[in-house]
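S.K.: Can you read through this structure? Questions will come right after.
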Amino acid sequence: MKTMNMLHAINSALDITMAENDHACIFGEDVGYFGGVFRATSGLQEKYGKHRVFNTPLTEQGIAGFANGLAAFGAPAIAEIQFADYIFPAFDQIVNESAKFRYRSGNEFNVGNLTIRTPYGGGIAGGLYHSQSPEAYFAHTPGLKIVVPRDPYQAKGLLRAAIKDDNPVIFFEPKRLYRASVGEVPEEDYSIELGKAEVVQEGKDVTVLAWGAQMEIISAAAEKAKEQGISVELIDLRSILPWDVETVANSVKKTGRLVVSHEAPITNGFGAEIVATIQQECFLHLESPIARVCGLDTPYPLALEKEYIPDALKVFEAIKNAVEF
Amino acid sequence: MKTMNMLHAINSALDITMAENDHACIFGEDVGYFGGVFRATSGLQEKYGKHRVFNTPLTEQGIAGFANGLAAFGAPAIAEIQFADYIFPAFDQIVNESAKFRYRSGNEFNVGNLTIRTPYGGGIAGGLYHSQSPEAYFAHTPGLKIVVPRDPYQAKGLLRAAIKDDNPVIFFEPKRLYRASVGEVPEEDYSIELGKAEVVQEGKDVTVLAWGAQMEIISAAAEKAKEQGISVELIDLRSILPWDVETVANSVKKTGRLVVSHEAPITNGFGAEIVATIQQECFLHLESPIARVCGLDTPYPLALEKEYIPDALKVFEAIKNAVEF
Amino acid sequence: MTNPNNVSLNISHELAFIDSHALNIPTYRVLNEQGGVSEGATVPEIDQATALKIYDTMRFIRALDERMQAAQRQGRVSFYMQCLGEEAAVTASAAALDDNDMIMAQYREQAALRYRGFTLEQFMNQMFSNEKDLGKGRQMPIHYGSNELNYMTISSPLGTQIPQASGYAYGQKIKHINKQSGELDSEIDNITICYFGEGAASEGDFHAGLNMAAVHKAPVIFFARNNGYAISTPAEEQFAGDGIASRGVGYGIKTIRVDGGDALAVYAATKTAREHATKTGEPVLIESLAYRLGAHSTSDDPSGYRSKDEEASYRENCPVARFRTWLVAQGWLDEQEDEKVKEQVREQILDALKVAEKVAKPPLEDLISDVYNTPIPSLQAQYEQLKSHIKKYPDAYPITAGRIK
Amino acid sequence: MTNPNNVSLNISHELAFIDSHALNIPTYRVLNEQGGVSEGATVPEIDQATALKIYDTMRFIRALDERMQAAQRQGRVSFYMQCLGEEAAVTASAAALDDNDMIMAQYREQAALRYRGFTLEQFMNQMFSNEKDLGKGRQMPIHYGSNELNYMTISSPLGTQIPQASGYAYGQKIKHINKQSGELDSEIDNITICYFGEGAASEGDFHAGLNMAAVHKAPVIFFARNNGYAISTPAEEQFAGDGIASRGVGYGIKTIRVDGGDALAVYAATKTAREHATKTGEPVLIESLAYRLGAHSTSDDPSGYRSKDEEASYRENCPVARFRTWLVAQGWLDEQEDEKVKEQVREQILDALKVAEKVAKPPLEDLISDVYNTPIPSLQAQYEQLKSHIKKYPDAYPITAGRIK
Ligand SMILES: Cc1ncc(C[n+]2csc(CCOP(=O)(O)OP(=O)(O)O)c2C)c(N)n1
Ligand SMILES: Cc1ncc(C[n+]2csc(CCOP(=O)(O)OP(=O)(O)O)c2C)c(N)n1
Ligand SMILES: [Mg+2]
Ligand SMILES: [Mg+2]
């Protein structure tokens with residue numbers, strides 16, 4: 001075990017991947033010599049060559065299109081989109097192509113080799129275009145997998161699983177935690193199964209669920225709730241697609257209450273899907289309406305970021321409301 | 001009043017718009033001389049000139065980008081995307097630009113003049129790429145309005161409202177009904193307020209909600225239910241963004257049950273948002289879980305389309321289950 | 001170019017604009033419109049077997065197109081797209097490739113697939129989306145694909161295959177790169193050809209795909225089929241430059257324009273392009289000029305946007321007839337024999353159609369298979385629910401009800 | 001071009017590829033690197049007031065950039081981007097426009113905005129996202145915009161402004177079109193200039209925007225700032241053609257490459273381009289060559305990807321000094337006076353900074369205003385809920401708590 005921040009953990013997962021397969025390529029804007037604007041790919045070009053770790057021209061649709069082609073050829077294609085806010089020019093290539101490649105061809109061809117990494121999320125004074133959490137835009141797309149890690153250990157294990165998974169995976173990295181989150185991470189290879197949520201804290205009064213950077217926030221809220229004698233069960237969803245209905249439903253059947261929290265705007269965020277499914281699965285167990293604590297329905301602001309975000313206080317309020325309903 | 005099919009009704013709304021404002025432009029692939037592949041813009045180039053009704057090069061991102069610019073200039077910009085399945089290359093221009101134009105500039109600039117029309121939906125043996133219903137992809141985007149008409153009368157009145165509305169609006173046209181849906185439509189100008197759902201049939205046992213072409217399906221299901229003595233309240237949502245929570249919540253408070261149906265895949269479809277909001281608004285009134293009858297979580301199929309679609313039988317089953325819960 | 005701006009740096013003190021059509025772009029042609037060898041032209045090296053296979057393919061596709069167009073009119077198949085007028089461009093370019101080269105087509109390139117050996121039965125199964133369709137009945141007619149034949153399954157969204165071709169070709173190159181030097185250390189064995197229309201070339205994906213191939217040296221032949229129309233939109237409302245070829249220089253890509261009605265010119269140009277790509281790893285752009293003689297698709301009626309006269313004038317210049325004339329002059333083709341084969345082909349097609357339309361539709365499990373490599377739990381649950389539903393109402397789902405396990 | 005394929009049709013029987021760099025692209029320059037008039041060059045018509053305004057603007061921006069870069073290092077402002085090295089390109093091109101022409105910039109063109117009259121206070125208010133910011137404190141520093149000054153608010157996603165510029169310019173043209181003939185019947189009064197980097201020019205939106213402007217004849221000046229880098233990516237990893245100028249011919253757009261360090265050349269080229277646009281409605285492409293002397297932004301450290309030597313060699317060729325030398329030679333600028341003004345400007349900037357950083361942040365209602373023209377009900381409800389929450393926990397939201405109505 002070694003102490004790593006999230007960038008190191010990601011770099012380590014990429015390093016193992018590159019060593020494992022001579023055809024694996026890493027590419028995106030500035031990922032080459034410079035190692036990416038966040039330095040996640042630092043040192044990899046030097047180690048594996050410019051032909052396998054390279055800068056692309058500045059075109060997200062091109063990056064995703066190129067990645068689809070390379071993955072279809074059979075090479076592990078690990079593309080970086082510099083900020084999740086800039087993934088939208090690639091939307092067609094991802095939603096209409098990556099996601100439908102295997103199905104439309106009757107499995108004659110597939111892009112299971114594709115992994116798209118991209119930093120997401122706010123809390124860094126990034127404003128409209130360096131703060132978005134666009135996971136829900138992709139969650140409506142059968143054929144994709146979507147993963148979000150909460151800390152370095154999770155990041156390495158989930159990224160390795162995402163790369164090895166035989167389906168196209170979008171891997172959202174909580175950039176606010178890139179350097180801030182530090183922990184013990186094995187240097188050797190390991191994977192964490194996709195599609196499985198994790199109960200990170202057991203509790204009995206209310207289930208609180210999030211993923212990625214938002215885990216830190218709901219943990220803080222749970223601490224506050226504990227001071228008031230409320231016992232919170234905390235779940236990290238980890239995979240958005242597919243998501244672990246069973247673990248969540250089992251928890252809610254036990255606690256009778258659920259609070260879901262995400263940074264993205266509330267309307268049609270992935271919280272909506274969780275609520276819709278869980279009210280179905282747990283109808284007779286619910287003791288209060290399922291609450292969502294999310295970003296407001298506005299573009300991501302700057303000066304009033306503090307007011308905008310679903311912070312621990314807001315989550316705490318929702319917990320109290322749920323318990324007192 | 002005149003009998004029109006939906007294409008005529010849309011053409012009439014466009015005609016009124018073009019006559020009203022010398023700067024209004026209609027453009028998109030094949031919309032010029034030919035009048036669009038569905039002929040919705042038939043005769044308009046002849047009437048208003050090639051400089052105001054014109055073919056564009058084949059680039060949806062260009063169409064949306066050009067439309068944003070033209071709208072920002074102050075001209076009513078009415079862009080057509082030939083099939084909703086092909087709106088994704090324009091996703092960035094719509095989601096990152098149109099939707100955020102006013103907010104990011106502090107209202108120094110806006111694209112309120114923008115309207116994007118696009119035919120959506122299945123049931124026409126169109127397979128993966130001529131059948132999609134992508135409204136939910138946009139519904140997660142503050143700043144946009146989203147409208148879907150169910151018949152010619154609604155189409156004309158809602159399209160006129162969409163064009164006059166001072167916000168960017170995506171207008172999804174149910175192409176299966178273009179010629180199939182015929183009704184009385186005033187030749188003169190009229191508008192139907194955006195953001196208002198319509199109770200198209202009152203009932204007391206269960207509320208069933210849809211929009212666009214799916215209204216026909218849920219009406220058929222309601223007929224079947226009536227035969228079994230179940231009284232269904234039917235709601236046409238009409239606007240997806242903003243959506244009329246009040247009308248829906250009032251109905252559900254009365255009936256105690258809700259079934260939502262849409263063609264798009266179930267996971268994170270707009271049905272999820274409706275369920276999430278209504279379980280909150282009507283928690284103490286709900287007598288059964290809110291049900292969603294939607295497309296399966298697969299790309300839109302071809303040979304097995306009949307099996308895939310949320311048909312009247314499936315909706316009927318959900319109605320029965322809700323009532324018998 | 002050794003400056004940071006990566007440009008040629010020749011200073012001038014004259015304020016002069018480069019003209020919007022500054023480039024001189026010849027159109028390469030070997031056979032004249034009557035099928036004779038043009039004066040001054042050299043006939044490229046081509047063996048009899050290849051020439052006849054090209055002709056056989058064109059003849060087959062012409063017959064298939066005719067037959068399926070009619071079948072659509074009769075309501076037997078829902079949709080069809082003809083290659084009419086572009087047979088030489090597609091077939092002769094495919095003929096210049098190696099069988100293991102990847103073909104990424106737009107949708108009007110059935111001749112390339114046929115050249116590779118796609119059987120009549122396979123064509124039919126796809127168009128009838130029956131259970132024998134390699135694509136499992138999921139896409140509209142003409143969306144063929146075959147892994148075995150290295151023909152990427154057609155995707156309706158236009159232009160998306162262009163950057164994909166760059167990525168695929170880059171993959172083909174990797175093993176030839178010397179890890180130390182980063183340079184090629186052997187001739188690339190297989191490359192990718194990417195076909196697209198002059199309409200699709202307006203998509204952003206075109207720009208991304210060509211630029212990335214040029215920068216990363218991906219061995220792709222970009223084959224632009226400029227056939228004058230994108231559905232109803234004429235080329236003059238599609239671009240203002242000199243065709244698609246004028247764009248090559250903007251990407252730093254070697255480019256050639258060919259007469260797409262001339263199988264020999266297309267063959268020679270593509271062969272040379274392939275050689276360049278395998279030796280250098282660099283992409284090449286070929287623009288083929290032909291005329292979309294038929295309607296865009298069976299959903300289209302061109303009389304709404306172009307004149308019969310225009311159509312007629314291009315009908316005379318038939319690429320199949322042109323090549324046939326040359327073959328006959330070579331003594332490689334017998335006219336009477338040709339007519340006989342044509343008749344046989346027509347009959348075979350009709351027979352195959354009758355067979356394929358009776359083959360069962362795909363089973364219910366194919367509604368959910370291949371969304372992922374294995375179905376995710378939620379989808380599996382949806383499938384179980386659907387099965388119970390169909391079992392409850394078997395009459396409403398006649399195609400699948402009888403076969404549910 | 002009167003054939004359906006919309007191409008020049010000169011038949012050739014030679015199988016020859018157009019070279020990947022077939023176009024000869026000169027770089028227009030008036031002032032040599034020392035600020036003298038190049039031999040053989042003609043000084044363009046420019047009046048003293050304009051020349052001095054250009055210089056004044058460059059001087060101001062240089063000082064602002066220096067000051068704000070330092071302010072970011074001190075943690076007073078979160079982010080900054082310098083124009084360093086590209087002042088002449090941006091300022092002189094803006095000077096060639098009419099005040100009512102629309103400017104759509106990328107983000108490094110603060111000099112164009114300054115030339116239009118954006119006040120020091122306005123710059124500061126934006127950077128401190130305070131309540132006086134025209135953008136209501138919503139975007140990161142340097143995302144300026146002003147309706148009054150016809151300067152479109154900056155949007156971070158790259159390239160999106162390019163097709164928007166085509167649409168905006170098309171709007172500017174409409175009233176000049178004769179309804180009967182469809183042709184221009186008067187000279188276009190106002191046009192659009194669209195700035196972007198050589199990196200952004202790789203986006204699909206570039207392709208769409210230039211092609212649409214060419215086809216629909218939108219009076220836009222596309223001003224490509226080729227400054228050698230897109231963050232860390234050098235231009236040679238961005239494209240393989242001859243700069244951005246080599247692309248003009250592919251769109252059928254008149255094109256010129258200018259020395260972006262030479263204010264006079266840029267001014268003359270842009271003036272001529274504008275004339276062409278107003279008279280014909282056609283777009284023009286200008287590629288400016290300069291070197292991004294500074295870091296990409298304050299988040300960047302170029303020492304990680306380029307050599308100090310390279311930077312130093314370009315630092316010598318300072319566009320501001322070059323123009324200054326010419327002005328002094330003209331007798332239009334006094335060197336001592338210039339030094340004095342520089343000092344004053346620096347002080348003004350520091351003073352303004354101190355004022356702006358103390359201005360209050362925007363009020364809570366600006367969190368939800370302008371999402372729509374009027375808030376939709378759900379958003380209004382979210383706002384009410386947020387207000388109660390803040391009232392309950394005022395200490396947690398110090399910026400807004402005290403001011404909630
Ligand atoms: C992204 C996208 N936009 C629009 C369409 C609808 N469409 C299908 S074919 C076509 C015209 C294509 O023209 P071209 O590329 O010239 O090819 P051709 O049909 O002439 O062979 C259009 C607009 C599509 N399939 N995909
Ligand atoms: C769509 C998009 N992708 C990526 C980015 C991140 N990004 C910001 S600036 C930049 C480089 C731009 O380079 P260039 O266009 O050459 O302009 P310059 O900074 O040199 O003036 C990148 C990649 C972005 N803002 N938008
Ligand atoms: Mg075409
Ligand atoms: Mg640059």
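Each chain in the structure tokens gets a letter, A, B and so on, in the order shown; residues start at 1 in every chain, and ligands are counted from 1 in the order they appear.
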Using only C-alpha atoms and a cut-off of 8 Å, which residues of chain D sit close to chain B? Please list them as a VMD selection string.
M.R.: chain D and resid 134 to 136 138 to 139 145 to 147 152 to 153 155 157 160 to 172 174 to 175 177 179 to 180 182 204 to 205 208 to 209 211 to 212 215 369 to 373 376 to 378
S.K.: Write down, as a ChimeraX atom specification, each residue of chain B that has any atom within 9 Å of an atom of chain A, counting only C-alpha atoms.
M.R.: /B:61,85-93,95-96,99-100,103-104,128-129,136-143,264-277,279-284,288-292,296-299,301
S.K.: Quick one: everything within 12 Å of C:Ala16, counting only C-alpha atoms, minus sequence neighbours fewer than 6 positions away in the same chain. Send it as a PDB file with C-alpha atoms, in the first residue's frame.
M.R.:
ATOM      1  CA  ILE D  25       0.508  31.270 -48.932  1.00  0.00           C
ATOM      2  CA  PRO D  26       2.414  34.501 -48.417  1.00  0.00           C
ATOM      3  CA  THR D  27       2.446  36.331 -45.093  1.00  0.00           C
ATOM      4  CA  TYR D  28       1.587  39.984 -45.451  1.00  0.00           C
ATOM      5  CA  ARG D  29       3.799  42.353 -43.513  1.00  0.00           C
ATOM      6  CA  LYS D 254     -11.006  34.646 -49.793  1.00  0.00           C
ATOM      7  CA  THR D 255      -8.086  34.380 -47.435  1.00  0.00           C
ATOM      8  CA  ILE D 256      -5.047  36.258 -46.259  1.00  0.00           C
ATOM      9  CA  ARG D 257      -2.277  35.496 -43.835  1.00  0.00           C
ATOM     10  CA  VAL D 258      -0.791  38.398 -41.920  1.00  0.00           C
ATOM     11  CA  ALA D 265      -0.512  44.878 -41.742  1.00  0.00           C
ATOM     12  CA  ALA D 268      -4.878  47.075 -43.594  1.00  0.00           C
ATOM     13  CA  ALA D 269      -5.855  43.463 -44.150  1.00  0.00           C
ATOM     14  CA  THR D 270      -8.892  43.711 -41.892  1.00  0.00           C
ATOM     15  CA  THR D 272      -9.862  45.407 -46.927  1.00  0.00           C
ATOM     16  CA  ALA D 273     -11.606  42.288 -45.696  1.00  0.00           C
ATOM     17  CA  ILE D 286      -7.626  36.125 -41.974  1.00  0.00           C
TER      18      ILE D 286
END
S.K.: Residues of chain D that approach ligand 3 to 12 Å or less, counting only C-alpha atoms and all ligand atoms: could you list each one with the shortest pair of atoms and its distance in Å to one decimal, rows by chain and increasing residue number, as a Markdown table?
M.R.:
| residue | atom | partner | partner_atom_place_in_ligand_line | distance |
| --- | --- | --- | --- | --- |
| D:Pro4 | CA | ligand 3 | 1 (Mg) | 10.2 |
| D:Asn5 | CA | ligand 3 | 1 (Mg) | 8.7 |
| D:Asn6 | CA | ligand 3 | 1 (Mg) | 11.4 |
S.K.: Grab the residues selected above and save them as a PDB file, in the first residue's frame with all heavy atoms.
M.R.:
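Result file follows (selection-v2.pdb):
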ATOM      1  N   PRO D   4     -23.798  19.755 -61.772  1.00  0.00           N
ATOM      2  CA  PRO D   4     -24.440  19.395 -60.498  1.00  0.00           C
ATOM      3  C   PRO D   4     -23.441  19.124 -59.382  1.00  0.00           C
ATOM      4  O   PRO D   4     -23.749  19.346 -58.217  1.00  0.00           O
ATOM      5  CB  PRO D   4     -25.226  18.121 -60.822  1.00  0.00           C
ATOM      6  CG  PRO D   4     -25.330  18.059 -62.301  1.00  0.00           C
ATOM      7  CD  PRO D   4     -24.201  18.858 -62.874  1.00  0.00           C
ATOM      8  N   ASN D   5     -22.242  18.648 -59.715  1.00  0.00           N
ATOM      9  CA  ASN D   5     -21.269  18.373 -58.672  1.00  0.00           C
ATOM     10  C   ASN D   5     -20.651  19.638 -58.094  1.00  0.00           C
ATOM     11  O   ASN D   5     -19.956  19.593 -57.083  1.00  0.00           O
ATOM     12  CB  ASN D   5     -20.141  17.478 -59.205  1.00  0.00           C
ATOM     13  CG  ASN D   5     -20.654  16.169 -59.766  1.00  0.00           C
ATOM     14  OD1 ASN D   5     -20.784  16.020 -60.978  1.00  0.00           O
ATOM     15  ND2 ASN D   5     -20.995  15.242 -58.900  1.00  0.00           N
ATOM     16  N   ASN D   6     -20.907  20.764 -58.755  1.00  0.00           N
ATOM     17  CA  ASN D   6     -20.413  22.048 -58.259  1.00  0.00           C
ATOM     18  C   ASN D   6     -18.894  22.068 -58.153  1.00  0.00           C
ATOM     19  O   ASN D   6     -18.337  22.462 -57.133  1.00  0.00           O
ATOM     20  CB  ASN D   6     -21.077  22.346 -56.902  1.00  0.00           C
ATOM     21  CG  ASN D   6     -20.906  23.783 -56.462  1.00  0.00           C
ATOM     22  OD1 ASN D   6     -20.779  24.689 -57.297  1.00  0.00           O
ATOM     23  ND2 ASN D   6     -20.899  24.003 -55.161  1.00  0.00           N
TER      24      ASN D   6
END
S.K.: If we count only C-alpha atoms and set the cut-off at 12 Å, which residues sit around D:Lys391, ignoring sequence neighbours fewer than 4 positions away in its own chain? Please answer as a list in words.
M.R.: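 Listed by chain and then number, they are Glu307 of chain A; Leu364, Glu384, Gln385, Leu386, Lys387, Asp395, Ala396, Tyr397, Pro398, Thr400, Ala401, Gly402, Arg403, Ile404 and Lys405 of chain D.
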S.K.: List all protein, DNA and RNA residues that have any atom at most 7 Å from ligand 2, counting only C-alpha atoms and all ligand atoms, and write the list as a ChimeraX atom specification.
M.R.: /A:29,58-60,82-83,86 /D:108,156-159,196-201,225-231,292,296
S.K.: For the strand (DSSP E) assignment from backbone DSSP, which residues of stretch 95-310 of chain A qualify? Please present them as a PyMOL selection string.
M.R.: chain A and resi 114-120+145-147+169-174+182-185+198-201+206-210+232-236+239-241+258-265+291-295
S.K.: May I have the residues within 10 Å of C:Leu97 as a PDB file with C-alpha atoms, in the first residue's frame, using only C-alpha atoms and disregarding those fewer than 3 positions away in the same chain?
M.R.:
ATOM      1  CA  ALA C  92     -13.508  -0.124 -58.649  1.00  0.00           C
ATOM      2  CA  SER C  93     -12.284   1.546 -55.470  1.00  0.00           C
ATOM      3  CA  ALA C  94     -13.147  -1.546 -53.438  1.00  0.00           C
ATOM      4  CA  ASN C 100      -8.439  -7.471 -45.117  1.00  0.00           C
ATOM      5  CA  ASP C 101      -8.639  -3.712 -45.457  1.00  0.00           C
ATOM      6  CA  MET C 102     -11.540  -2.291 -43.482  1.00  0.00           C
ATOM      7  CA  ILE C 103     -14.398  -0.677 -45.386  1.00  0.00           C
ATOM      8  CA  ARG C 116     -15.975  -8.660 -50.918  1.00  0.00           C
ATOM      9  CA  ASN C 190      -3.987  -3.232 -43.874  1.00  0.00           C
ATOM     10  CA  ILE C 191      -5.639   0.117 -44.100  1.00  0.00           C
ATOM     11  CA  THR C 192      -9.155   1.565 -43.984  1.00  0.00           C
ATOM     12  CA  ILE C 193     -11.252   3.099 -46.711  1.00  0.00           C
ATOM     13  CA  TYR C 267      -9.203   1.760 -59.751  1.00  0.00           C
ATOM     14  CA  THR C 270      -7.332   4.080 -55.346  1.00  0.00           C
ATOM     15  CA  LYS C 271      -4.500   1.635 -55.920  1.00  0.00           C
ATOM     16  CA  ALA C 273      -3.613   5.975 -52.825  1.00  0.00           C
ATOM     17  CA  ARG C 274      -3.434   2.657 -51.021  1.00  0.00           C
ATOM     18  CA  GLU C 275       0.238   2.350 -51.833  1.00  0.00           C
TER      19      GLU C 275
END
S.K.: Would you work out the distance separating atom CA of C:Lys173 from atom CA of D:Thr233, expressed in Å to one decimal?
M.R.: 22.8 Å
S.K.: Looking only at helix (DSSP H, G or I) from DSSP on the backbone, list the matching residues of stretch 106-281 of chain A as number ranges by chain.
M.R.: A: 127-129, 135-139, 152-164, 175-177, 214-227, 245-255, 270-281
S.K.: Just checking: using only C-alpha atoms, which residue out of C:Tyr305, C:Phe17, C:Tyr107, C:Phe222 ends up closest to chain D?
M.R.: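 Using only C-alpha atoms, the shortest distance to chain D belongs to C:Phe17.
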S.K.: Rank D:Ser246, D:Gln336, D:Thr57, D:Ser299 by their smallest atom-to-atom distance to chain C, using only C-alpha atoms, and report the top residue only.
M.R.: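 For chain C, the nearest of the candidates is D:Ser246.
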S.K.: If we count only C-alpha atoms, what is near A:Ala213 at a cut-off of 12 Å, once residues fewer than 5 positions away on the same chain are taken out, given as a VMD selection string?
M.R.: chain A and resid 6 119 to 124 131 133 148 to 152 154 to 155 172 to 178 180 to 181 218 to 220 236 to 238 261 to 264 309 to 311
S.K.: For ligand 1, which of B:Ile240, B:Ile78, B:Val31, B:Ile26 is the closest residue, counting only C-alpha atoms and all ligand atoms?
M.R.: B:Val31
S.K.: Using only C-alpha atoms, determine which residues lie at most 9 Å from stretch 36-53 of chain C, disregarding the query and same-chain residues fewer than 6 positions distant; provide the list as JSON, numbers by chain.
M.R.: {"C": [29, 30, 92, 95, 115, 264, 265, 267, 268, 322, 323, 325, 326, 327, 329, 332, 333], "D": [12, 13, 14]}
